[in-house]
>>> print(open('protein18.cif').read())   # mmCIF, C-alpha atoms and all ligand atoms
data_entry
#
loop_
_atom_site.group_PDB
_atom_site.id
_atom_site.type_symbol
_atom_site.label_atom_id
_atom_site.label_comp_id
_atom_site.auth_asym_id
_atom_site.auth_seq_id
_atom_site.Cartn_x
_atom_site.Cartn_y
_atom_site.Cartn_z
ATOM 1 C CA MET A 231 0.000 0.000 0.000
ATOM 2 C CA ALA A 232 2.751 2.435 0.996
ATOM 3 C CA LEU A 233 4.535 1.611 -2.249
ATOM 4 C CA ARG A 234 1.487 2.536 -4.338
ATOM 5 C CA ARG A 235 1.047 5.793 -2.442
ATOM 6 C CA ALA A 236 4.767 6.599 -2.801
ATOM 7 C CA ARG A 237 4.533 6.126 -6.583
ATOM 8 C CA THR A 238 1.480 8.400 -6.782
ATOM 9 C CA LEU A 239 3.231 11.105 -4.759
ATOM 10 C CA LEU A 240 6.477 10.840 -6.737
ATOM 11 C CA ASP A 241 4.503 11.141 -9.988
ATOM 12 C CA ALA A 242 3.004 14.345 -8.576
ATOM 13 C CA GLY A 243 6.498 15.726 -7.926
ATOM 14 C CA ALA A 244 6.581 15.275 -4.143
ATOM 15 C CA GLN A 245 9.651 14.504 -2.057
ATOM 16 C CA VAL A 246 8.803 11.279 -0.258
ATOM 17 C CA GLN A 247 10.062 9.918 3.043
ATOM 18 C CA VAL A 248 9.183 6.387 4.140
ATOM 19 C CA ILE A 249 9.312 5.238 7.757
ATOM 20 C CA ALA A 250 8.749 1.537 8.430
ATOM 21 C CA PRO A 251 10.743 -1.277 10.050
ATOM 22 C CA GLN A 252 10.078 -3.608 7.089
ATOM 23 C CA GLN A 253 9.971 -2.050 3.652
ATOM 24 C CA HIS A 254 8.927 -3.543 0.362
ATOM 25 C CA PRO A 255 12.064 -4.311 -1.713
ATOM 26 C CA ASP A 256 10.737 -2.210 -4.623
ATOM 27 C CA PHE A 257 11.319 0.949 -2.548
ATOM 28 C CA ALA A 258 15.058 0.510 -3.209
ATOM 29 C CA ALA A 259 14.523 1.519 -6.846
ATOM 30 C CA LEU A 260 12.537 4.673 -5.981
ATOM 31 C CA PRO A 261 13.962 8.137 -5.213
ATOM 32 C CA VAL A 262 12.667 8.198 -1.621
ATOM 33 C CA THR A 263 14.483 8.687 1.659
ATOM 34 C CA ALA A 264 13.892 5.727 3.928
ATOM 35 C CA LEU A 265 14.115 5.215 7.697
ATOM 36 C CA SER A 266 14.008 1.553 8.710
ATOM 37 C CA ARG A 267 12.327 1.847 12.098
ATOM 38 C CA HIS A 268 8.996 2.289 13.854
ATOM 39 C CA TYR A 269 7.162 5.607 13.673
ATOM 40 C CA ARG A 270 7.969 8.115 16.438
ATOM 41 C CA ARG A 271 6.262 11.338 17.399
ATOM 42 C CA GLY A 272 8.237 14.157 15.758
ATOM 43 C CA ASP A 273 8.799 12.243 12.512
ATOM 44 C CA LEU A 274 6.197 14.353 10.699
ATOM 45 C CA SER A 275 7.898 17.665 11.281
ATOM 46 C CA GLY A 276 7.940 19.617 7.994
ATOM 47 C CA ALA A 277 5.691 17.173 6.125
ATOM 48 C CA ALA A 278 2.962 18.798 4.009
ATOM 49 C CA LEU A 279 1.069 15.554 3.417
ATOM 50 C CA VAL A 280 1.174 12.468 5.633
ATOM 51 C CA ILE A 281 0.012 8.930 4.793
ATOM 52 C CA ALA A 282 -0.626 6.476 7.632
ATOM 53 C CA ALA A 283 -0.402 3.058 5.989
ATOM 54 C CA THR A 284 0.815 0.653 8.647
ATOM 55 C CA GLY A 285 -1.148 -2.503 9.378
ATOM 56 C CA SER A 286 -1.735 -1.237 12.945
ATOM 57 C CA ALA A 287 -4.879 0.826 13.607
ATOM 58 C CA ASP A 288 -3.277 2.239 16.774
ATOM 59 C CA VAL A 289 -0.148 3.442 14.972
ATOM 60 C CA ASN A 290 -2.237 4.878 12.118
ATOM 61 C CA ALA A 291 -4.413 6.722 14.676
ATOM 62 C CA ALA A 292 -1.309 8.204 16.343
ATOM 63 C CA VAL A 293 0.051 9.338 12.965
ATOM 64 C CA VAL A 294 -3.290 10.950 12.045
ATOM 65 C CA ARG A 295 -3.472 12.713 15.428
ATOM 66 C CA ASP A 296 0.120 14.011 15.224
ATOM 67 C CA ALA A 297 -0.371 15.175 11.622
ATOM 68 C CA GLN A 298 -3.578 17.025 12.438
ATOM 69 C CA ALA A 299 -1.987 18.623 15.514
ATOM 70 C CA GLN A 300 0.625 20.242 13.287
ATOM 71 C CA GLY A 301 -1.872 21.203 10.568
ATOM 72 C CA SER A 302 -0.657 18.771 7.885
ATOM 73 C CA LEU A 303 -2.966 17.033 5.456
ATOM 74 C CA VAL A 304 -3.283 13.358 6.338
ATOM 75 C CA ASN A 305 -4.676 10.170 4.850
ATOM 76 C CA ASP A 306 -5.340 6.980 6.829
ATOM 77 C CA ALA A 307 -5.030 4.181 4.279
ATOM 78 C CA ALA A 308 -7.399 1.958 6.240
ATOM 79 C CA ASP A 309 -10.153 4.583 6.624
ATOM 80 C CA ALA A 310 -10.236 7.828 4.675
ATOM 81 C CA THR A 311 -12.920 9.290 6.938
ATOM 82 C CA ARG A 312 -10.344 9.565 9.749
ATOM 83 C CA GLY A 313 -8.109 11.921 7.772
ATOM 84 C CA ASN A 314 -8.664 14.957 5.570
ATOM 85 C CA TRP A 315 -7.094 13.768 2.311
ATOM 86 C CA ARG A 316 -8.433 11.261 -0.223
ATOM 87 C CA PHE A 317 -6.778 9.656 -3.207
ATOM 88 C CA PRO A 318 -8.759 9.897 -6.420
ATOM 89 C CA ALA A 319 -8.619 7.708 -9.493
ATOM 90 C CA GLN A 320 -6.935 9.628 -12.300
ATOM 91 C CA ALA A 321 -7.433 10.064 -16.024
ATOM 92 C CA GLU A 322 -4.561 11.714 -17.903
ATOM 93 C CA ARG A 323 -3.617 12.303 -21.519
ATOM 94 C CA ALA A 324 -1.281 14.862 -23.071
ATOM 95 C CA GLY A 325 -1.260 16.965 -19.901
ATOM 96 C CA VAL A 326 -5.029 17.012 -19.384
ATOM 97 C CA GLN A 327 -5.812 15.544 -15.976
ATOM 98 C CA VAL A 328 -9.118 14.556 -14.390
ATOM 99 C CA ALA A 329 -9.394 13.234 -10.828
ATOM 100 C CA VAL A 330 -12.433 11.199 -9.826
ATOM 101 C CA THR A 331 -13.566 10.615 -6.285
ATOM 102 C CA SER A 332 -16.644 8.686 -5.262
ATOM 103 C CA GLY A 333 -16.878 10.779 -2.105
ATOM 104 C CA ARG A 334 -16.891 7.508 -0.205
ATOM 105 C CA GLU A 335 -14.948 4.258 -0.294
ATOM 106 C CA LEU A 336 -15.881 2.894 -3.689
ATOM 107 C CA PRO A 337 -12.601 2.749 -5.625
ATOM 108 C CA LEU A 338 -14.020 0.416 -8.255
ATOM 109 C CA LEU A 339 -16.513 3.116 -9.297
ATOM 110 C CA ALA A 340 -13.863 5.851 -9.266
ATOM 111 C CA GLN A 341 -11.613 3.638 -11.431
ATOM 112 C CA ALA A 342 -14.400 2.785 -13.878
ATOM 113 C CA LEU A 343 -15.349 6.444 -14.321
ATOM 114 C CA ALA A 344 -11.698 7.437 -14.758
ATOM 115 C CA GLU A 345 -11.358 4.788 -17.483
ATOM 116 C CA ARG A 346 -14.447 6.105 -19.263
ATOM 117 C CA ILE A 347 -13.142 9.676 -19.022
ATOM 118 C CA THR A 348 -9.723 8.649 -20.364
ATOM 119 C CA ALA A 349 -11.445 7.554 -23.569
ATOM 120 C CA LEU A 350 -12.876 11.082 -23.933
ATOM 121 C CA LEU A 351 -9.603 12.921 -23.471
ATOM 122 C CA PRO A 352 -8.281 14.583 -26.631
ATOM 123 C CA ASP A 353 -4.925 13.720 -28.172
ATOM 124 C CA GLU A 354 -1.964 16.074 -28.310
ATOM 125 C CA GLU A 355 -2.628 17.073 -31.914
ATOM 126 C CA SER A 356 -6.188 18.222 -31.142
ATOM 127 C CA LEU A 357 -5.009 20.100 -28.062
ATOM 128 C CA ASP A 358 -2.288 21.876 -30.023
ATOM 129 C CA GLY A 359 -4.762 22.806 -32.764
ATOM 130 C CA TRP A 360 -7.324 24.195 -30.294
ATOM 131 C CA THR A 361 -4.647 26.085 -28.380
ATOM 132 C CA ALA A 362 -3.412 27.727 -31.585
ATOM 133 C CA ARG A 363 -6.986 28.652 -32.570
ATOM 134 C CA ARG A 364 -7.605 30.187 -29.140
ATOM 135 C CA GLU A 365 -4.378 32.160 -29.209
ATOM 136 C CA LEU A 366 -5.282 33.545 -32.612
ATOM 137 C CA ALA A 367 -8.882 34.289 -31.565
ATOM 138 C CA ILE A 368 -7.924 36.348 -28.524
ATOM 139 C CA THR A 369 -5.840 38.689 -30.659
ATOM 140 C CA GLN A 370 -8.827 39.428 -32.949
ATOM 141 C CA PRO A 371 -11.168 42.424 -32.699
ATOM 142 C CA ASP A 372 -14.211 41.882 -30.426
ATOM 143 C CA THR A 373 -16.888 40.671 -32.866
ATOM 144 C CA GLN A 374 -14.557 38.385 -34.770
ATOM 145 C CA ARG A 375 -13.094 37.160 -31.510
ATOM 146 C CA ALA A 376 -16.521 36.143 -30.158
ATOM 147 C CA ALA A 377 -17.366 34.264 -33.369
ATOM 148 C CA SER A 378 -13.989 32.463 -33.397
ATOM 149 C CA LEU A 379 -14.347 31.434 -29.758
ATOM 150 C CA ASP A 380 -17.929 30.241 -30.358
ATOM 151 C CA ALA A 381 -16.764 28.064 -33.254
ATOM 152 C CA LEU A 382 -13.889 26.706 -31.176
ATOM 153 C CA ARG A 383 -16.224 26.038 -28.223
ATOM 154 C CA ALA A 384 -18.605 24.092 -30.506
ATOM 155 C CA ASP A 385 -15.749 21.987 -31.925
ATOM 156 C CA ILE A 386 -14.358 21.202 -28.472
ATOM 157 C CA ARG A 387 -17.770 20.278 -27.095
ATOM 158 C CA ARG A 388 -18.427 17.976 -30.063
ATOM 159 C CA ALA A 389 -15.006 16.339 -29.606
ATOM 160 C CA VAL A 390 -15.814 15.394 -25.994
ATOM 161 C CA GLY A 391 -19.222 14.022 -26.934
ATOM 162 C CA LEU A 392 -21.452 16.999 -26.070
ATOM 163 C CA ALA A 393 -24.046 18.248 -28.501
HETATM 164 C C1 LIG B 1 -10.849 5.776 0.350
HETATM 165 C C2 LIG B 1 -9.747 5.352 -0.638
HETATM 166 C C3 LIG B 1 -8.381 5.765 -0.169
HETATM 167 C C4 LIG B 1 -8.222 7.144 0.267
HETATM 168 O O1 LIG B 1 -8.405 8.091 -0.424
HETATM 169 O O2 LIG B 1 -7.863 7.220 1.458
HETATM 170 C C5 LIG B 1 -9.662 3.877 -0.862
HETATM 171 C C6 LIG B 1 -9.852 2.928 0.126
HETATM 172 C C7 LIG B 1 -9.732 1.546 -0.005
HETATM 173 N N1 LIG B 1 -9.439 0.891 -1.172
HETATM 174 C C8 LIG B 1 -9.451 -0.464 -0.929
HETATM 175 C C9 LIG B 1 -9.243 -1.450 -1.881
HETATM 176 C C10 LIG B 1 -8.938 -1.256 -3.238
HETATM 177 N N2 LIG B 1 -8.467 -0.066 -3.781
HETATM 178 C C11 LIG B 1 -8.296 -0.249 -5.109
HETATM 179 C C12 LIG B 1 -7.821 0.731 -6.001
HETATM 180 C C13 LIG B 1 -7.758 2.097 -5.802
HETATM 181 N N3 LIG B 1 -8.211 2.739 -4.698
HETATM 182 C C14 LIG B 1 -8.191 4.077 -4.894
HETATM 183 C C15 LIG B 1 -8.673 5.019 -4.021
HETATM 184 C C16 LIG B 1 -9.248 4.804 -2.813
HETATM 185 N N4 LIG B 1 -9.271 3.630 -2.148
HETATM 186 C C17 LIG B 1 -9.912 5.900 -2.047
HETATM 187 C C18 LIG B 1 -11.381 6.019 -2.409
HETATM 188 C C19 LIG B 1 -11.554 6.396 -3.851
HETATM 189 C C20 LIG B 1 -12.981 6.626 -4.215
HETATM 190 O O3 LIG B 1 -13.844 5.776 -3.994
HETATM 191 O O4 LIG B 1 -13.263 7.727 -4.709
HETATM 192 C C21 LIG B 1 -7.703 4.410 -6.251
HETATM 193 C C22 LIG B 1 -8.876 4.939 -7.087
HETATM 194 C C23 LIG B 1 -6.586 5.476 -6.295
HETATM 195 C C24 LIG B 1 -5.348 5.112 -5.528
HETATM 196 O O5 LIG B 1 -5.364 4.304 -4.604
HETATM 197 O O6 LIG B 1 -4.321 5.689 -5.883
HETATM 198 C C25 LIG B 1 -7.150 3.056 -6.736
HETATM 199 C C26 LIG B 1 -7.218 2.839 -8.228
HETATM 200 C C27 LIG B 1 -5.787 2.921 -8.715
HETATM 201 C C28 LIG B 1 -5.678 2.968 -10.195
HETATM 202 O O7 LIG B 1 -6.606 3.334 -10.887
HETATM 203 O O8 LIG B 1 -4.547 2.664 -10.642
HETATM 204 C C29 LIG B 1 -8.665 -1.585 -5.456
HETATM 205 C C30 LIG B 1 -8.699 -2.137 -6.864
HETATM 206 C C31 LIG B 1 -7.355 -2.376 -7.421
HETATM 207 O O9 LIG B 1 -6.362 -2.479 -6.681
HETATM 208 O O10 LIG B 1 -7.341 -2.498 -8.656
HETATM 209 C C32 LIG B 1 -9.052 -2.245 -4.278
HETATM 210 C C33 LIG B 1 -9.565 -3.695 -4.100
HETATM 211 C C34 LIG B 1 -11.055 -3.739 -4.403
HETATM 212 C C35 LIG B 1 -11.941 -3.103 -3.340
HETATM 213 O O11 LIG B 1 -11.744 -3.406 -2.140
HETATM 214 O O12 LIG B 1 -12.836 -2.299 -3.710
HETATM 215 C C36 LIG B 1 -9.717 -0.670 0.447
HETATM 216 C C37 LIG B 1 -9.823 -2.027 1.117
HETATM 217 C C38 LIG B 1 -8.409 -2.359 1.669
HETATM 218 C C39 LIG B 1 -8.353 -3.662 2.435
HETATM 219 O O13 LIG B 1 -8.594 -4.711 1.859
HETATM 220 O O14 LIG B 1 -8.020 -3.549 3.633
HETATM 221 C C40 LIG B 1 -9.861 0.590 1.034
HETATM 222 C C41 LIG B 1 -10.068 0.926 2.468
HETATM 223 C C42 LIG B 1 -11.482 0.814 2.865
HETATM 224 O O15 LIG B 1 -12.379 0.753 2.022
HETATM 225 O O16 LIG B 1 -11.676 0.812 4.080
HETATM 226 N N1 LIG B 2 -6.609 2.519 0.554
HETATM 227 C C1 LIG B 2 -6.437 1.400 -0.086
HETATM 228 O O1 LIG B 2 -6.677 1.338 -1.298
HETATM 229 C C2 LIG B 2 -5.904 0.225 0.649
HETATM 230 C C3 LIG B 2 -5.658 0.340 2.005
HETATM 231 N N2 LIG B 2 -5.079 -0.695 2.702
HETATM 232 C C4 LIG B 2 -4.773 -0.437 4.136
HETATM 233 O O2 LIG B 2 -3.385 -0.001 4.198
HETATM 234 C C5 LIG B 2 -2.773 -0.487 5.379
HETATM 235 C C6 LIG B 2 -1.458 -1.223 5.040
HETATM 236 O O3 LIG B 2 -1.727 -2.341 4.228
HETATM 237 P P1 LIG B 2 -0.541 -3.113 3.508
HETATM 238 O O4 LIG B 2 0.353 -2.176 2.840
HETATM 239 O O5 LIG B 2 -1.170 -4.213 2.737
HETATM 240 O O6 LIG B 2 0.202 -3.758 4.779
HETATM 241 P P2 LIG B 2 1.701 -4.321 4.930
HETATM 242 O O7 LIG B 2 1.670 -5.231 6.114
HETATM 243 O O8 LIG B 2 2.226 -4.787 3.632
HETATM 244 O O9 LIG B 2 2.544 -3.030 5.301
HETATM 245 C C7 LIG B 2 2.456 -2.447 6.553
HETATM 246 C C8 LIG B 2 3.762 -1.677 6.770
HETATM 247 O O10 LIG B 2 3.663 -1.001 8.015
HETATM 248 C C9 LIG B 2 4.920 -1.074 8.645
HETATM 249 N N3 LIG B 2 4.736 -0.824 10.074
HETATM 250 C C10 LIG B 2 4.182 -1.619 11.005
HETATM 251 N N4 LIG B 2 4.257 -1.029 12.237
HETATM 252 C C11 LIG B 2 4.821 0.180 12.046
HETATM 253 C C12 LIG B 2 5.148 1.255 12.920
HETATM 254 N N5 LIG B 2 4.889 1.210 14.239
HETATM 255 N N6 LIG B 2 5.748 2.341 12.398
HETATM 256 C C13 LIG B 2 6.005 2.409 11.057
HETATM 257 N N7 LIG B 2 5.713 1.417 10.182
HETATM 258 C C14 LIG B 2 5.127 0.324 10.687
HETATM 259 C C15 LIG B 2 5.437 -2.443 8.318
HETATM 260 O O11 LIG B 2 6.843 -2.510 8.491
HETATM 261 C C16 LIG B 2 5.011 -2.557 6.846
HETATM 262 O O12 LIG B 2 6.010 -2.002 6.020
HETATM 263 C C17 LIG B 2 -3.814 -1.340 6.071
HETATM 264 O O13 LIG B 2 -4.388 -0.523 7.090
HETATM 265 C C18 LIG B 2 -4.865 -1.653 5.006
HETATM 266 O O14 LIG B 2 -6.172 -1.732 5.568
HETATM 267 C C19 LIG B 2 -4.706 -1.828 2.069
HETATM 268 C C20 LIG B 2 -4.942 -2.022 0.719
HETATM 269 C C21 LIG B 2 -5.603 -1.021 -0.083
#
>>> encode(input="protein18.cif", output="structure tokens")
Amino acid sequence: MALRRARTLLDAGAQVQVIAPQQHPDFAALPVTALSRHYRRGDLSGAALVIAATGSADVNAAVVRDAQAQGSLVNDAADATRGNWRFPAQAERAGVQVAVTSGRELPLLAQALAERITALLPDEESLDGWTARRELAITQPDTQRAASLDALRADIRRAVGLA
């Protein structure tokens, strides 16, 4: 679990520190700093986002409490309602990102919706074409500009399946 979270955070550009007595061997290949020991109060100092993902509910509760006391965002991997951060399913193509949360614990729905949305995401060529059209449109005089943006809006809406 911690490994999956670490990959998500690294993909988002975070600096990741892992604290656990036993760590999955795949951590060795990741650019994380690792402490091979039990969690101690004080370990969270300076952390913007904290994930409690031990198998122990008591340790996770202590981590959540300590994180909240210092004002950090925190996720309890065993129960998202105990923290204030949730992990969404993600759809991404050519820089366009959509995050889907079920607002509850229903990851299979979030994943299914993210998969459906991925199929709607435009390719790089379309994005580049629309961006160029927008850049041109916003340099035009008012009436022409409105017509160009309306035409672009209609094309974009059609491309994502809207009437
Ligand atoms: C609350 C949340 C976490 C949070 O935000 O804190 C949460 C909670 C839990 N997930 C559990 C199980 C599974 N999670 C997945 C998959 C994903 N889970 C993700 C998010 C979230 N999962 C958040 C809610 C999201 C929402 O609903 O909106 C995704 C979308 C994103 C991500 O994890 O990065 C990711 C897709 C990754 C991808 O697309 O690649 C699969 C399927 C699989 O692995 O393929 C299973 C097995 C099937 C099943 O159990 O449904 C368990 C039981 C654990 C146990 O057995 O103990 C809990 C805990 C509980 O429910 O208590
Ligand atoms: N949100 C989700 O999608 C999922 C959540 N989970 C939850 O995540 C948690 C972890 O599950 P797994 O990764 O499968 O368990 P795991 O047993 O593989 O890993 C637990 C890790 O916690 C470490 N640990 C134990 N005591 C510790 C302490 N005092 N201080 C620091 N580290 C300590 C262990 O060394 C180990 O590395 C569980 O609470 C489980 O319910 C599990 C699967 C999916």
>>> closest_residue(input="protein18.cif", among="A:Val390, A:Ala329, A:Ala278, A:Ala340", to="ligand LIG 1 (chain B)", atoms="all atoms listed in the file")
A:Ala340
>>> closest_residue(input="protein18.cif", among="A:Ala287, A:Ile386, A:Leu338, A:Ala277", to="ligand LIG 2 (chain B)", atoms="all atoms listed in the file")
A:Ala287
>>> axis_aligned_box(input="protein18.cif", around="ligand LIG 1 (chain B)", padding_each_side="5 Å", output="lines of an AutoDock Vina configuration file")
center_x = -9.1
center_y = 1.7
center_z = -3.4
size_x = 19.5
size_y = 22.8
size_z = 25.0
>>> closest_residue(input="protein18.cif", among="A:Asn290, A:Gln247, A:Thr348, A:Gln327", to="Arg235 (chain A)", atoms="all atoms listed in the file")
A:Gln247
>>> residues_near_ligand(input="protein18.cif", ligand="ligand LIG 2 (chain B)", cutoff="8 Å", atoms="only C-alpha atoms and all ligand atoms", output="MDAnalysis selection string")
chainID A and resid 231:233 249:254 267:270 282:287 289:290 306:310 337
>>> residues_near_ligand(input="protein18.cif", ligand="ligand LIG 1 (chain B)", cutoff="8 Å", atoms="only C-alpha atoms and all ligand atoms", output="PDB file with C-alpha atoms, in the coordinates of the input")
ATOM      1  CA  ARG A 234       1.487   2.536  -4.338  1.00  0.00           C
ATOM      2  CA  ARG A 235       1.047   5.793  -2.442  1.00  0.00           C
ATOM      3  CA  THR A 238       1.480   8.400  -6.782  1.00  0.00           C
ATOM      4  CA  ASN A 305      -4.676  10.170   4.850  1.00  0.00           C
ATOM      5  CA  ASP A 306      -5.340   6.980   6.829  1.00  0.00           C
ATOM      6  CA  ALA A 307      -5.030   4.181   4.279  1.00  0.00           C
ATOM      7  CA  ALA A 308      -7.399   1.958   6.240  1.00  0.00           C
ATOM      8  CA  ASP A 309     -10.153   4.583   6.624  1.00  0.00           C
ATOM      9  CA  ALA A 310     -10.236   7.828   4.675  1.00  0.00           C
ATOM     10  CA  THR A 311     -12.920   9.290   6.938  1.00  0.00           C
ATOM     11  CA  GLY A 313      -8.109  11.921   7.772  1.00  0.00           C
ATOM     12  CA  TRP A 315      -7.094  13.768   2.311  1.00  0.00           C
ATOM     13  CA  ARG A 316      -8.433  11.261  -0.223  1.00  0.00           C
ATOM     14  CA  PHE A 317      -6.778   9.656  -3.207  1.00  0.00           C
ATOM     15  CA  PRO A 318      -8.759   9.897  -6.420  1.00  0.00           C
ATOM     16  CA  ALA A 319      -8.619   7.708  -9.493  1.00  0.00           C
ATOM     17  CA  GLN A 320      -6.935   9.628 -12.300  1.00  0.00           C
ATOM     18  CA  VAL A 330     -12.433  11.199  -9.826  1.00  0.00           C
ATOM     19  CA  THR A 331     -13.566  10.615  -6.285  1.00  0.00           C
ATOM     20  CA  SER A 332     -16.644   8.686  -5.262  1.00  0.00           C
ATOM     21  CA  GLY A 333     -16.878  10.779  -2.105  1.00  0.00           C
ATOM     22  CA  ARG A 334     -16.891   7.508  -0.205  1.00  0.00           C
ATOM     23  CA  GLU A 335     -14.948   4.258  -0.294  1.00  0.00           C
ATOM     24  CA  LEU A 336     -15.881   2.894  -3.689  1.00  0.00           C
ATOM     25  CA  PRO A 337     -12.601   2.749  -5.625  1.00  0.00           C
ATOM     26  CA  LEU A 338     -14.020   0.416  -8.255  1.00  0.00           C
ATOM     27  CA  LEU A 339     -16.513   3.116  -9.297  1.00  0.00           C
ATOM     28  CA  ALA A 340     -13.863   5.851  -9.266  1.00  0.00           C
ATOM     29  CA  GLN A 341     -11.613   3.638 -11.431  1.00  0.00           C
ATOM     30  CA  ALA A 344     -11.698   7.437 -14.758  1.00  0.00           C
TER      31      ALA A 344
END
>>> residues_around(input="protein18.cif", residues="Val280 (chain A)", least_positions_apart="6", cutoff="7 Å", atoms="all atoms listed in the file", output="number ranges by chain")
A: 297, 302-305
>>> atom_distance(input="protein18.cif", atom1="CA of Ala259 (chain A)", atom2="CA of Leu274 (chain A)")
23.3 Å
>>> resolve_selection(input="protein18.cif", expression="the PyMOL selection byres (((chain A and resi 351) around 10) and not hetatm)", output="list in words")
Ala321, Glu322, Arg323, Ala324, Gly325, Val326, Gln327, Val328, Arg346, Ile347, Thr348, Ala349, Leu350, Pro352, Asp353, Glu354, Ser356, Leu357, Ala389 and Val390 of chain A
>>> closest_residue(input="protein18.cif", among="A:Gly359, A:Arg271, A:Gly301, A:Ala292", to="Asp385 (chain A)", atoms="all atoms listed in the file")
A:Gly359
>>> atom_distance(input="protein18.cif", atom1="CA of Ala236 (chain A)", atom2="CA of Phe257 (chain A)")
8.7 Å
>>> atom_distance(input="protein18.cif", atom1="CA of Leu240 (chain A)", atom2="CA of Val293 (chain A)")
20.8 Å
>>> closest_residue(input="protein18.cif", among="A:Ala244, A:Ala299, A:Ala381, A:Ala362", to="Gly272 (chain A)", atoms="only C-alpha atoms")
A:Ala299
>>> closest_residue(input="protein18.cif", among="A:Val248, A:Leu366, A:Ala342, A:Gly276", to="Thr263 (chain A)", atoms="all atoms listed in the file")
A:Val248
>>> resolve_selection(input="protein18.cif", expression="the PyMOL selection byres (((chain A and resi 379) around 12) and not hetatm)", output="list in words")
Trp360, Thr361, Ala362, Arg363, Arg364, Glu365, Leu366, Ala367, Ile368, Thr369, Gln370, Pro371, Asp372, Thr373, Gln374, Arg375, Ala376, Ala377, Ser378, Asp380, Ala381, Leu382, Arg383, Ala384, Asp385, Ile386 and Arg387 of chain A
